[in-house]
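What follows is one structure encoded as structure tokens, with my remarks underneath.
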Amino acid sequence: MRVGNAYVQIGMAMLRTGILGYGGGPSIVPLVRYEAVTRFQWMKDEEFMEVLAIANTLPGPIATKLAGYLGYRLKGTAGAAVGVLAHIVPTCVAMMGLYSFIQFFSTSHVIKGMIAAVVPIVAVMLGVMAYEFGEKAIKGLGWVAGITFFVISFLLLQTFSVHPAIVIFLFLLYGAFHHKLKDKWKKRRLGTGEDA
């Protein structure tokens, strides 16, 4: 972790994510990841993925949960308060100002164009993060399991409309036993190979 005041670091990091994160929680996650993993190096990418998965199973906005966790990790309860406040207060103030502005210019094609122009940026940020997480999943699980779990999760979420928290919980539950099951299957395969 870089040297410097941890309260200032968490405050500045969450201030940036709150101000630059347009479009709600999913668009903020890549920004939080950049601050926590790349800029300040508070944690490794693998740990961030685990924190993100667990945070997704809990109720409430993902951005404030991540801000609270990172602050708590650095400076306990006071750090969590700094992280959450730094993330939400400036955004609340900006939202009130922007709401008044947008209400005043609600029929303007310029404002509609500005809002529409940001959507592809958010989509690309989420796509890059999903690709990087997918790469790590393939490395940890292998191609067959990684693609199988992708298809299963897609079907559960899109076809059967299972709540995302339930899907995440199921995969966390499997992940807890993944290496034991993998070792058991490997031993069984080696055992049958030796018998042949």
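Here's how to read the names in the structure tokens: chain A, B, ... by the order shown, residue numbers from 1 in each chain, ligand numbers from 1 in the order shown.
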
Residue contacts of Ile121 in chain A (12 Å, only C-alpha atoms) excluding same-chain residues fewer than 2 positions away, as a list in words: Leu20, Gly21, Tyr22, Gly23, Ser27, Ile28, Pro30, Met114, Ile115, Ala116, Ala117, Val118, Val119, Ala123, Val124, Met125, Leu126, Gly127 and Val128 of chain A

Near-range 162-169 of chain A list (6 Å; only C-alpha atoms; drop same-chain fewer than 4 positions) as a VMD selection string: chain A and resid 57 156 to 157

Restricted to C-alpha atoms, what would the selected residues look like written as an mmCIF file, in the first residue's frame?
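Saved to result.cif:
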```cif
data_model
loop_
_atom_site.group_PDB
_atom_site.id
_atom_site.type_symbol
_atom_site.label_atom_id
_atom_site.label_comp_id
_atom_site.auth_asym_id
_atom_site.auth_seq_id
_atom_site.Cartn_x
_atom_site.Cartn_y
_atom_site.Cartn_z
ATOM 1 C CA THR A 57 -25.127 -11.073 -1.949
ATOM 2 C CA LEU A 156 -30.566 -18.930 -14.142
ATOM 3 C CA LEU A 157 -30.519 -15.131 -14.424
#
```

Nearest to Lys139 in chain A, chosen from A:Ala80, A:Lys65, A:Leu85, A:Glu46, with only C-alpha atoms counted in the distances: A:Glu46

Selected residue, from A:Ala53, A:Val151, A:Leu172, A:Leu15, that lies nearest to Thr91 in chain A when counting only C-alpha atoms: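 Closest candidate: A:Leu15.
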
CA of Trp42 in chain A to CA of Gly71 in chain A, straight-line distance in Å: 10.4 Å

Could you name the residues that touch range 32-37 of chain A at 9 Å or less, counting only C-alpha atoms, but leaving out those on the same chain fewer than 3 positions away, as a tab-separated table (two decimals) with N, CA, C and O atoms, in the first residue's frame?
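Saved result, result.tsv, follows:
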```tsv
chain	number	residue	atom	x	y	z
A	10	ILE	N	-8.64	7.08	1.22
A	10	ILE	CA	-9.98	6.52	1.06
A	10	ILE	C	-10.98	7.61	0.70
A	10	ILE	O	-11.87	7.42	-0.12
A	13	ALA	N	-10.32	8.59	-3.01
A	13	ALA	CA	-10.71	7.48	-3.89
A	13	ALA	C	-12.22	7.41	-4.02
A	13	ALA	O	-12.77	7.31	-5.13
A	14	MET	N	-12.93	7.46	-2.91
A	14	MET	CA	-14.39	7.33	-2.95
A	14	MET	C	-15.05	8.60	-3.49
A	14	MET	O	-16.11	8.54	-4.09
A	16	ARG	N	-13.75	10.37	-5.94
A	16	ARG	CA	-13.63	10.21	-7.40
A	16	ARG	C	-14.66	9.22	-7.93
A	16	ARG	O	-15.30	9.47	-8.95
A	17	THR	N	-14.83	8.10	-7.24
A	17	THR	CA	-15.79	7.10	-7.73
A	17	THR	C	-17.21	7.64	-7.67
A	17	THR	O	-18.02	7.36	-8.55
A	28	ILE	N	-19.93	1.97	-11.33
A	28	ILE	CA	-18.97	2.43	-10.32
A	28	ILE	C	-17.98	1.33	-9.96
A	28	ILE	O	-16.84	1.62	-9.60
A	29	VAL	N	-18.38	0.07	-10.11
A	29	VAL	CA	-17.52	-1.05	-9.71
A	29	VAL	C	-16.15	-1.00	-10.39
A	29	VAL	O	-15.12	-1.14	-9.72
A	40	PHE	N	-4.12	2.62	-5.49
A	40	PHE	CA	-3.62	2.59	-4.12
A	40	PHE	C	-3.11	1.22	-3.68
A	40	PHE	O	-2.48	1.11	-2.63
A	41	GLN	N	-3.40	0.18	-4.44
A	41	GLN	CA	-2.91	-1.18	-4.18
A	41	GLN	C	-3.25	-1.64	-2.76
A	41	GLN	O	-2.42	-2.19	-2.05
A	42	TRP	N	-4.51	-1.42	-2.37
A	42	TRP	CA	-4.97	-1.88	-1.06
A	42	TRP	C	-5.16	-3.38	-1.04
A	42	TRP	O	-5.15	-4.00	0.02
A	43	MET	N	-5.39	-3.97	-2.20
A	43	MET	CA	-5.64	-5.40	-2.29
A	43	MET	C	-5.30	-5.91	-3.68
A	43	MET	O	-5.15	-5.11	-4.60
A	44	LYS	N	-5.22	-7.21	-3.82
A	44	LYS	CA	-4.99	-7.84	-5.12
A	44	LYS	C	-6.33	-7.98	-5.84
A	44	LYS	O	-7.39	-7.92	-5.23
A	45	ASP	N	-6.25	-8.19	-7.14
A	45	ASP	CA	-7.45	-8.32	-7.96
A	45	ASP	C	-8.33	-9.49	-7.50
A	45	ASP	O	-9.55	-9.39	-7.50
A	48	PHE	N	-10.32	-8.48	-4.53
A	48	PHE	CA	-11.40	-7.57	-4.92
A	48	PHE	C	-12.57	-8.34	-5.50
A	48	PHE	O	-13.73	-8.04	-5.21
A	49	MET	N	-12.30	-9.36	-6.33
A	49	MET	CA	-13.37	-10.17	-6.91
A	49	MET	C	-14.16	-10.89	-5.82
A	49	MET	O	-15.38	-10.97	-5.88
A	63	ALA	N	-22.06	0.19	-4.50
A	63	ALA	CA	-21.01	1.20	-4.37
A	63	ALA	C	-20.78	1.58	-2.92
A	63	ALA	O	-19.63	1.68	-2.47
A	66	LEU	N	-19.02	-1.29	-1.07
A	66	LEU	CA	-17.58	-1.34	-1.37
A	66	LEU	C	-16.84	-0.20	-0.68
A	66	LEU	O	-15.75	-0.41	-0.13
A	67	ALA	N	-17.43	0.99	-0.70
A	67	ALA	CA	-16.80	2.14	-0.03
A	67	ALA	C	-16.65	1.88	1.46
A	67	ALA	O	-15.60	2.14	2.06
A	70	LEU	N	-13.90	-0.93	2.04
A	70	LEU	CA	-12.53	-0.46	1.85
A	70	LEU	C	-12.10	0.46	2.99
A	70	LEU	O	-10.98	0.36	3.48
```

Computed interatomic separation between CA of Val51 in chain A and CA of His87 in chain A (Å): 17.8 Å

Nearest candidate to Gly60 in chain A (options A:Gly76, A:Ala86, A:Gly25, A:Arg188; using only C-alpha atoms): A:Gly25

Nearest candidate to Gly142 in chain A (options A:Lys182, A:Asn5, A:Asn56, A:Phe154; using only C-alpha atoms):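 Checking each of A:Lys182, A:Asn5, A:Asn56, A:Phe154 against Gly142 in chain A, counting only C-alpha atoms, the winner is A:Lys182.
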
Which of range 103-196 of chain A DSSP labels alpha helix (DSSP H), written as a ChimeraX atom specification: /A:103-104,109-141,143-154,164-195
